[in-house]
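Have a look at target31.cif; it's mmCIF, C-alpha atoms:
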```
data_coords
loop_
_atom_site.group_PDB
_atom_site.id
_atom_site.type_symbol
_atom_site.label_atom_id
_atom_site.label_comp_id
_atom_site.auth_asym_id
_atom_site.auth_seq_id
_atom_site.Cartn_x
_atom_site.Cartn_y
_atom_site.Cartn_z
ATOM 1 C CA MET A 414 259.151 46.737 198.905
ATOM 2 C CA ASP A 415 255.415 46.632 198.503
ATOM 3 C CA SER A 416 254.449 50.195 197.620
ATOM 4 C CA HIS A 417 251.173 51.774 198.673
ATOM 5 C CA ILE A 418 251.826 55.056 196.919
ATOM 6 C CA ARG A 419 251.930 55.205 193.141
ATOM 7 C CA LYS A 420 253.827 58.045 191.473
ATOM 8 C CA SER A 421 251.435 58.574 188.607
ATOM 9 C CA PRO A 422 247.681 58.391 189.119
ATOM 10 C CA GLY A 423 246.977 56.649 185.799
ATOM 11 C CA ARG A 424 243.813 56.651 183.817
ATOM 12 C CA GLU A 425 241.804 54.234 185.946
ATOM 13 C CA LEU A 426 241.585 56.739 188.806
ATOM 14 C CA LEU A 427 240.174 59.290 186.387
ATOM 15 C CA CYS A 428 237.706 56.650 185.216
ATOM 16 C CA GLU A 429 236.840 55.746 188.800
ATOM 17 C CA SER A 430 236.253 59.416 189.549
ATOM 18 C CA ARG A 431 233.708 59.546 186.745
ATOM 19 C CA SER A 432 231.680 56.505 187.724
ATOM 20 C CA SER A 433 229.311 57.263 190.560
ATOM 21 C CA THR A 434 227.648 53.845 190.579
ATOM 22 C CA SER A 435 230.003 51.959 192.895
ATOM 23 C CA ILE A 436 231.415 53.035 196.246
ATOM 24 C CA SER A 437 235.052 53.797 195.494
ATOM 25 C CA LYS A 438 238.101 54.146 197.739
ATOM 26 C CA THR A 439 237.769 57.887 197.238
ATOM 27 C CA HIS A 440 234.283 57.744 198.780
ATOM 28 C CA LEU A 441 235.460 55.583 201.689
ATOM 29 C CA LEU A 442 238.314 57.999 202.330
ATOM 30 C CA THR A 443 235.853 60.912 202.194
ATOM 31 C CA ALA A 444 233.704 59.210 204.839
ATOM 32 C CA MET A 445 236.791 58.709 207.004
ATOM 33 C CA VAL A 446 237.794 62.393 206.616
ATOM 34 C CA VAL A 447 234.297 63.560 207.575
ATOM 35 C CA LEU A 448 233.911 61.217 210.574
ATOM 36 C CA THR A 449 237.345 61.950 212.090
ATOM 37 C CA ASN A 450 236.704 65.678 211.570
ATOM 38 C CA VAL A 451 233.344 65.581 213.358
ATOM 39 C CA ILE A 452 234.480 63.360 216.245
ATOM 40 C CA GLY A 453 237.714 65.364 216.642
ATOM 41 C CA ASN A 454 235.950 68.713 216.711
ATOM 42 C CA ILE A 455 233.238 67.571 219.124
ATOM 43 C CA CYS A 456 235.789 66.140 221.576
ATOM 44 C CA LEU A 457 238.022 69.199 221.265
ATOM 45 C CA SER A 458 235.161 71.641 221.708
ATOM 46 C CA HIS A 459 233.864 69.751 224.737
ATOM 47 C CA GLY A 460 237.359 69.716 226.252
ATOM 48 C CA MET A 461 238.019 73.404 225.544
ATOM 49 C CA GLN A 462 234.810 74.371 227.351
ATOM 50 C CA GLN A 463 236.262 72.614 230.415
ATOM 51 C CA VAL A 464 239.749 74.127 230.024
ATOM 52 C CA GLY A 465 238.516 77.696 229.634
ATOM 53 C CA ARG A 466 239.747 80.746 227.756
ATOM 54 C CA ILE A 467 243.050 80.516 225.874
ATOM 55 C CA VAL A 468 244.140 83.305 223.568
ATOM 56 C CA SER A 469 247.897 83.120 223.325
ATOM 57 C CA ALA A 470 250.655 83.190 220.756
ATOM 58 C CA SER A 471 252.680 80.798 222.906
ATOM 59 C CA PRO A 472 252.230 77.073 222.216
ATOM 60 C CA VAL A 473 252.800 76.262 225.911
ATOM 61 C CA ALA A 474 249.267 77.332 226.834
ATOM 62 C CA TYR A 475 247.855 74.967 224.217
ATOM 63 C CA LEU A 476 250.123 72.108 225.270
ATOM 64 C CA ARG A 477 248.849 72.529 228.824
ATOM 65 C CA ALA A 478 245.304 72.106 227.502
ATOM 66 C CA LEU A 479 246.311 68.625 226.258
ATOM 67 C CA ILE A 480 246.220 67.427 229.888
ATOM 68 C CA ASN A 481 242.444 67.428 229.501
ATOM 69 C CA PRO A 482 241.495 63.948 228.164
ATOM 70 C CA TRP A 483 238.844 65.335 225.800
ATOM 71 C CA VAL A 484 241.332 67.797 224.298
ATOM 72 C CA LEU A 485 243.887 64.982 223.934
ATOM 73 C CA LEU A 486 241.382 62.592 222.334
ATOM 74 C CA GLY A 487 240.163 65.344 219.999
ATOM 75 C CA SER A 488 243.718 66.270 218.971
ATOM 76 C CA CYS A 489 244.646 62.623 218.237
ATOM 77 C CA THR A 490 241.482 62.171 216.167
ATOM 78 C CA LEU A 491 242.304 65.357 214.248
ATOM 79 C CA ALA A 492 245.811 63.976 213.556
ATOM 80 C CA VAL A 493 244.157 60.946 211.895
ATOM 81 C CA TRP A 494 241.900 63.428 210.064
ATOM 82 C CA MET A 495 244.959 65.271 208.713
ATOM 83 C CA LEU A 496 246.437 62.045 207.303
ATOM 84 C CA SER A 497 243.180 60.937 205.678
ATOM 85 C CA GLU A 498 242.637 64.440 204.269
ATOM 86 C CA LEU A 499 246.117 64.285 202.669
ATOM 87 C CA ALA A 500 245.425 60.793 201.307
ATOM 88 C CA LEU A 501 242.144 62.080 199.866
ATOM 89 C CA LEU A 502 243.890 65.098 198.295
ATOM 90 C CA SER A 503 246.281 62.669 196.581
ATOM 91 C CA ARG A 504 243.260 61.150 194.782
ATOM 92 C CA ALA A 505 240.882 64.072 194.303
ATOM 93 C CA ASP A 506 240.681 67.792 193.473
ATOM 94 C CA LEU A 507 240.667 70.413 196.255
ATOM 95 C CA THR A 508 237.465 71.872 194.775
ATOM 96 C CA PHE A 509 235.877 68.411 195.118
ATOM 97 C CA VAL A 510 237.232 67.718 198.616
ATOM 98 C CA LEU A 511 236.230 71.080 200.148
ATOM 99 C CA PRO A 512 232.466 71.008 199.423
ATOM 100 C CA VAL A 513 232.085 67.241 199.863
ATOM 101 C CA THR A 514 233.798 67.201 203.260
ATOM 102 C CA ALA A 515 231.596 70.168 204.248
ATOM 103 C CA SER A 516 229.075 67.495 205.246
ATOM 104 C CA ALA A 517 231.180 67.541 208.432
ATOM 105 C CA TYR A 518 229.531 70.895 209.300
ATOM 106 C CA VAL A 519 226.103 69.311 209.041
ATOM 107 C CA LEU A 520 227.124 66.351 211.201
ATOM 108 C CA THR A 521 228.902 68.634 213.707
ATOM 109 C CA ALA A 522 225.785 70.796 214.052
ATOM 110 C CA LEU A 523 223.586 67.723 214.512
ATOM 111 C CA ALA A 524 225.998 66.116 216.971
ATOM 112 C CA GLY A 525 226.247 69.425 218.877
ATOM 113 C CA HIS A 526 222.466 69.421 219.084
ATOM 114 C CA PHE A 527 222.117 65.832 220.240
ATOM 115 C CA PHE A 528 225.216 65.423 222.435
ATOM 116 C CA LEU A 529 226.113 68.922 223.679
ATOM 117 C CA GLY A 530 222.592 70.343 223.845
ATOM 118 C CA ASP A 531 223.176 73.193 221.348
ATOM 119 C CA GLN A 532 219.970 74.831 220.152
ATOM 120 C CA ILE A 533 219.123 74.554 216.429
ATOM 121 C CA SER A 534 216.964 77.448 215.210
ATOM 122 C CA TRP A 535 215.031 77.347 211.934
ATOM 123 C CA GLN A 536 217.829 79.378 210.247
ATOM 124 C CA ARG A 537 220.305 76.703 211.301
ATOM 125 C CA TRP A 538 218.089 73.952 209.924
ATOM 126 C CA LEU A 539 217.926 75.927 206.649
ATOM 127 C CA GLY A 540 221.726 76.222 206.707
ATOM 128 C CA ILE A 541 222.010 72.465 207.198
ATOM 129 C CA VAL A 542 219.749 71.871 204.158
ATOM 130 C CA ILE A 543 221.670 74.366 201.966
ATOM 131 C CA ILE A 544 225.081 72.891 202.861
ATOM 132 C CA SER A 545 223.689 69.446 202.013
ATOM 133 C CA ILE A 546 222.664 70.727 198.549
ATOM 134 C CA GLY A 547 226.249 71.993 198.094
ATOM 135 C CA VAL A 548 227.651 68.604 199.135
ATOM 136 C CA PHE A 549 225.310 66.866 196.672
ATOM 137 C CA LEU A 550 226.285 69.200 193.797
ATOM 138 C CA ALA A 551 230.019 68.602 194.317
ATOM 139 C CA GLU A 552 229.479 64.867 194.766
ATOM 140 C CA GLU A 553 227.992 64.827 191.237
ATOM 141 C CA THR A 554 231.243 66.089 189.653
ATOM 142 C CA PRO A 555 234.211 63.840 188.761
ATOM 143 C CA SER A 556 236.482 63.813 191.820
ATOM 144 C CA LEU A 557 239.749 64.189 189.890
ATOM 145 C CA THR A 558 240.248 66.544 186.943
ATOM 146 C CA SER A 559 243.800 67.851 187.432
ATOM 147 C CA LEU A 560 245.859 64.807 186.459
ATOM 148 C CA GLU A 561 249.055 66.261 185.023
ATOM 149 C CA PRO A 562 249.423 69.901 186.084
ATOM 150 C CA TYR A 563 252.666 69.224 187.969
ATOM 151 C CA GLY A 564 253.981 66.550 185.618
ATOM 152 C CA GLU A 565 257.308 68.260 185.071
ATOM 153 C CA ASN A 566 257.979 68.286 188.812
ATOM 154 C CA ARG A 567 256.929 64.721 189.509
ATOM 155 C CA GLN A 568 259.678 62.883 191.382
ATOM 156 C CA MET B 54 239.496 89.593 218.730
ATOM 157 C CA LYS B 55 236.995 87.087 217.339
ATOM 158 C CA TRP B 56 237.284 88.505 213.825
ATOM 159 C CA ILE B 57 241.083 88.718 213.908
ATOM 160 C CA LEU B 58 241.087 84.997 214.699
ATOM 161 C CA VAL B 59 238.620 84.372 211.832
ATOM 162 C CA ALA B 60 241.014 86.192 209.447
ATOM 163 C CA ILE B 61 243.981 84.132 210.675
ATOM 164 C CA ILE B 62 241.934 80.936 210.224
ATOM 165 C CA ALA B 63 240.856 81.879 206.670
ATOM 166 C CA ILE B 64 244.356 82.812 205.476
ATOM 167 C CA SER B 65 246.119 79.818 207.016
ATOM 168 C CA ASN B 66 243.464 77.390 205.713
ATOM 169 C CA THR B 67 243.782 78.778 202.169
ATOM 170 C CA VAL B 68 247.578 78.580 202.135
ATOM 171 C CA GLY B 69 247.557 75.165 203.849
ATOM 172 C CA ASP B 70 244.986 73.570 201.530
ATOM 173 C CA LEU B 71 246.713 74.826 198.364
ATOM 174 C CA LEU B 72 250.160 73.623 199.505
ATOM 175 C CA ASN B 73 248.782 70.248 200.624
ATOM 176 C CA THR B 74 246.896 69.656 197.378
ATOM 177 C CA ALA B 75 249.865 70.578 195.190
ATOM 178 C CA GLY B 76 252.238 68.596 197.424
ATOM 179 C CA MET B 77 250.099 65.452 197.511
ATOM 180 C CA LYS B 78 249.615 65.473 193.738
ATOM 181 C CA ARG B 79 253.431 65.441 193.459
ATOM 182 C CA ILE B 80 253.849 62.660 196.023
ATOM 183 C CA GLY B 81 251.471 60.370 194.141
ATOM 184 C CA VAL B 82 248.272 58.444 194.725
ATOM 185 C CA VAL B 83 247.647 56.753 198.079
ATOM 186 C CA GLU B 84 246.448 53.382 196.803
ATOM 187 C CA ASP B 85 244.636 51.769 199.707
ATOM 188 C CA LEU B 86 243.388 52.539 203.191
ATOM 189 C CA SER B 87 245.633 50.092 205.076
ATOM 190 C CA LEU B 88 247.914 50.904 208.016
ATOM 191 C CA GLY B 89 250.968 50.274 205.809
ATOM 192 C CA SER B 90 249.662 52.783 203.337
ATOM 193 C CA PHE B 91 249.271 55.424 206.052
ATOM 194 C CA LEU B 92 252.771 54.731 207.422
ATOM 195 C CA GLN B 93 254.201 55.118 203.938
ATOM 196 C CA LEU B 94 252.216 58.339 203.580
ATOM 197 C CA CYS B 95 253.819 59.640 206.806
ATOM 198 C CA SER B 96 257.324 58.979 205.496
ATOM 199 C CA ALA B 97 256.497 60.579 202.135
ATOM 200 C CA ILE B 98 255.123 63.661 203.928
ATOM 201 C CA LEU B 99 258.329 64.023 205.973
ATOM 202 C CA ARG B 100 260.271 64.239 202.690
ATOM 203 C CA SER B 101 257.922 66.801 201.118
ATOM 204 C CA PRO B 102 258.684 70.422 202.116
ATOM 205 C CA MET B 103 255.488 71.532 200.368
ATOM 206 C CA VAL B 104 253.191 69.289 202.427
ATOM 207 C CA LEU B 105 255.138 70.052 205.634
ATOM 208 C CA ALA B 106 254.615 73.771 204.987
ATOM 209 C CA GLY B 107 250.937 73.076 204.272
ATOM 210 C CA ILE B 108 250.535 71.193 207.555
ATOM 211 C CA ALA B 109 252.343 74.006 209.398
ATOM 212 C CA ALA B 110 249.904 76.528 207.910
ATOM 213 C CA LEU B 111 246.931 74.371 208.924
ATOM 214 C CA ALA B 112 248.460 74.024 212.409
ATOM 215 C CA VAL B 113 248.438 77.820 212.771
ATOM 216 C CA GLY B 114 244.774 77.735 211.725
ATOM 217 C CA PHE B 115 244.135 74.906 214.186
ATOM 218 C CA PHE B 116 245.522 76.878 217.145
ATOM 219 C CA ALA B 117 243.480 79.892 216.033
ATOM 220 C CA VAL B 118 240.370 77.649 215.999
ATOM 221 C CA MET B 119 241.245 76.412 219.493
ATOM 222 C CA SER B 120 241.544 80.022 220.698
ATOM 223 C CA LEU B 121 238.257 80.881 219.043
ATOM 224 C CA LEU B 122 236.579 77.848 220.643
ATOM 225 C CA SER B 123 237.680 79.067 224.058
ATOM 226 C CA ILE B 124 236.065 82.505 223.620
ATOM 227 C CA ALA B 125 233.130 81.688 221.296
ATOM 228 C CA THR B 126 230.600 78.904 220.845
ATOM 229 C CA VAL B 127 231.287 75.941 218.570
ATOM 230 C CA SER B 128 228.572 77.139 216.200
ATOM 231 C CA PHE B 129 230.488 80.389 215.675
ATOM 232 C CA ALA B 130 233.982 78.899 215.619
ATOM 233 C CA ILE B 131 233.587 75.926 213.271
ATOM 234 C CA PRO B 132 231.753 77.839 210.484
ATOM 235 C CA ALA B 133 234.603 80.382 210.528
ATOM 236 C CA THR B 134 236.754 77.656 208.974
ATOM 237 C CA ALA B 135 234.548 77.690 205.828
ATOM 238 C CA SER B 136 234.956 81.414 205.242
ATOM 239 C CA SER B 137 237.756 80.862 202.710
ATOM 240 C CA TYR B 138 235.954 78.392 200.383
ATOM 241 C CA LEU B 139 235.227 80.776 197.509
ATOM 242 C CA VAL B 140 238.772 82.184 197.451
ATOM 243 C CA GLU B 141 240.149 78.636 197.612
ATOM 244 C CA THR B 142 237.923 77.599 194.690
ATOM 245 C CA LEU B 143 239.194 80.542 192.622
ATOM 246 C CA LEU B 144 242.842 79.796 193.453
ATOM 247 C CA ALA B 145 242.389 76.053 192.781
ATOM 248 C CA LYS B 146 241.040 76.884 189.328
ATOM 249 C CA TYR B 147 243.913 79.169 188.344
ATOM 250 C CA ILE B 148 246.868 77.836 190.347
ATOM 251 C CA LEU B 149 246.080 74.105 190.604
ATOM 252 C CA LYS B 150 244.371 74.098 187.169
ATOM 253 C CA GLU B 151 241.363 72.168 188.414
ATOM 254 C CA ASP B 152 238.342 71.861 186.161
ATOM 255 C CA VAL B 153 235.951 74.132 188.077
ATOM 256 C CA ARG B 154 232.575 74.376 186.354
ATOM 257 C CA TRP B 155 229.241 75.730 187.542
ATOM 258 C CA ARG B 156 228.461 72.723 189.740
ATOM 259 C CA ARG B 157 231.583 73.252 191.828
ATOM 260 C CA TRP B 158 231.087 77.023 192.036
ATOM 261 C CA ALA B 159 227.495 76.383 193.102
ATOM 262 C CA ALA B 160 228.638 73.745 195.592
ATOM 263 C CA ALA B 161 231.163 76.139 197.181
ATOM 264 C CA GLY B 162 228.574 78.958 197.189
ATOM 265 C CA PHE B 163 225.876 76.795 198.795
ATOM 266 C CA VAL B 164 228.309 75.597 201.465
ATOM 267 C CA VAL B 165 229.396 79.146 202.380
ATOM 268 C CA PHE B 166 225.806 80.437 202.411
ATOM 269 C CA GLY B 167 224.660 77.444 204.456
ATOM 270 C CA VAL B 168 227.517 77.953 206.896
ATOM 271 C CA VAL B 169 226.558 81.631 207.362
ATOM 272 C CA LEU B 170 222.992 80.528 208.174
ATOM 273 C CA LEU B 171 224.363 77.879 210.528
ATOM 274 C CA ARG B 172 226.074 80.676 212.453
ATOM 275 C CA SER B 173 222.928 82.787 212.915
#
```
This structure in structure tokens:
Amino acid sequence: MDSHIRKSPGRELLCESRSSTSISKTHLLTAMVVLTNVIGNICLSHGMQQVGRIVSASPVAYLRALINPWVLLGSCTLAVWMLSELALLSRADLTFVLPVTASAYVLTALAGHFFLGDQISWQRWLGIVIISIGVFLAEETPSLTSLEPYGENRQ
Amino acid sequence: MKWILVAIIAISNTVGDLLNTAGMKRIGVVEDLSLGSFLQLCSAILRSPMVLAGIAALAVGFFAVMSLLSIATVSFAIPATASSYLVETLLAKYILKEDVRWRRWAAAGFVVFGVVLLRS
């Protein structure tokens, strides 16, 4: 069978993670993670405003919220986000993925401003700039450094 | 109530991210971004207790975020999910043995600080 998942990362992924000149699969996957996160959260947040207050330990209350189309669309988008996040974690370090995908916060804030009418104060604009610096700093590091820490457990 | 939810979100995100990272590194590298590749990823996940536990932890965090969204604004709720970044960076360095140098510490620090400002 044609396999899409390779057991050992191999050296070329480490090399790819060190070259920042070309747009790699890791970068494309990062973009996918960020976009599905932003779209999912915006839809979900919009839907939850319509559904109203839910604070419950029972999953039934949350399942009932899925009747709302925005909540449903947001949840499905976040399911795609989960899969792309896992695919990204198979190729990159957690300490690379966390700050780089934090660009989702910037996009969520901007989308909230433009689509949901949220106010953006000057502190929020400053926050947006500072997060972007963090994203840029992490983006400068090689995406994968922990190649063989679990070697003995590899299936 | 808000802050209890923030604590639940932070703890479940930390546990979930660490389990998912360790689990995915054991599963192997997802080679391409095709549909087949994602289907194969799904079947690999179903056979990985570590990733399943990670997803379960993130699911707890997800429901806590949903609760928080229903009683707070999106600009309070979403930044709460970044509250665990520094702890996660520390644990990734010592448990996952990632090469965390000043750039990554600075990146995590900038993101957390920026997120706090975003909340104000």
_Please enumerate the residues selected by the PyMOL selection byres ((chain A and resi 461) around 9) when evaluated against the supplied file, formatted as a list in words._
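Taken on the displayed file, the PyMOL selection byres ((chain A and resi 461) around 9) yields the residues Cys456, Leu457, Ser458, His459, Gly460, Gln462, Gln463, Val464, Gly465, Arg466, Ile467, Ala478, Asn481, Trp483 and Val484 of chain A; Met119, Ser120, Leu122 and Ser123 of chain B.
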*Which residue, A:Ser471, A:Thr490, A:Ser503, A:Ser534, has the smallest gap to chain B when you use only C-alpha atoms?*
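Counting only C-alpha atoms, the residue closest to chain B is A:Ser503.
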*Selection: 8 Å around Ser516 in chain A, only C-alpha atoms, excl. self and same-chain fewer than 5 positions, as number ranges by chain*: A: 447, 544-545, 548
Just write the chosen residues, C-alpha atoms, as a compact mmCIF listing (two decimals), in the coordinates of the input.
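Generated file (result.txt):
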```txt
# COMPACT_ATOMS: atom_id res chain seq x y z
CA VAL A 447 234.30 63.56 207.58
CA ILE A 544 225.08 72.89 202.86
CA SER A 545 223.69 69.45 202.01
CA VAL A 548 227.65 68.60 199.14
```
*List the neighbours of Val68 in chain B out to 10 Å using all atoms listed in the file; skip same-chain residues closer than 2 positions along the sequence, and give me the result as a VMD selection string.*
chain B and resid 63 to 66 70 to 73 106 to 111 141 144
*asked:* Residues of chain B were defined as contacting chain A if any atom lay at most 6 Å from it, counting only C-alpha atoms; please report them as a list in words.
replied: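 So the residues of chain B near chain A are Thr74, Met77, Lys78, Arg79, Gly81, Val82, Val83, Glu84, Ser90, Ser120, Ser123, Ile124, Thr142, Glu151, Asp152, Arg156, Arg157, Ala160, Ala161, Phe163, Val164, Gly167, Leu170 and Leu171 of chain B.
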*Please provide as a list of chain:residue names all residues within 8 Å of Arg172 in chain B, with the sequence filter that same-chain residues fewer than 4 positions apart are discarded (counting all atoms listed in the file).*
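Listing them by chain and then by number gives A:Arg537, B:Ser128, B:Phe129, B:Pro132, B:Val168.
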May I have the centre and edge lengths, in Å to one decimal, of an axis-aligned box around the listed atoms of range 66-72 of chain B with 3 Å added to every side, as lines of an AutoDock Vina configuration file?
```
center_x = 246.8
center_y = 76.2
center_z = 202.0
size_x = 12.7
size_y = 11.2
size_z = 13.3
```
_Would you compute the distance between CA of Lys150 in chain B and CA of Thr67 in chain B? Give it in Å to one decimal._
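Between these atoms lies a distance of 15.7 Å.
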_Nearest residue to Ile62 in chain B from the set B:Leu92, B:Val118, B:Val104, B:Val165 (distances using only C-alpha atoms)_ = B:Val118
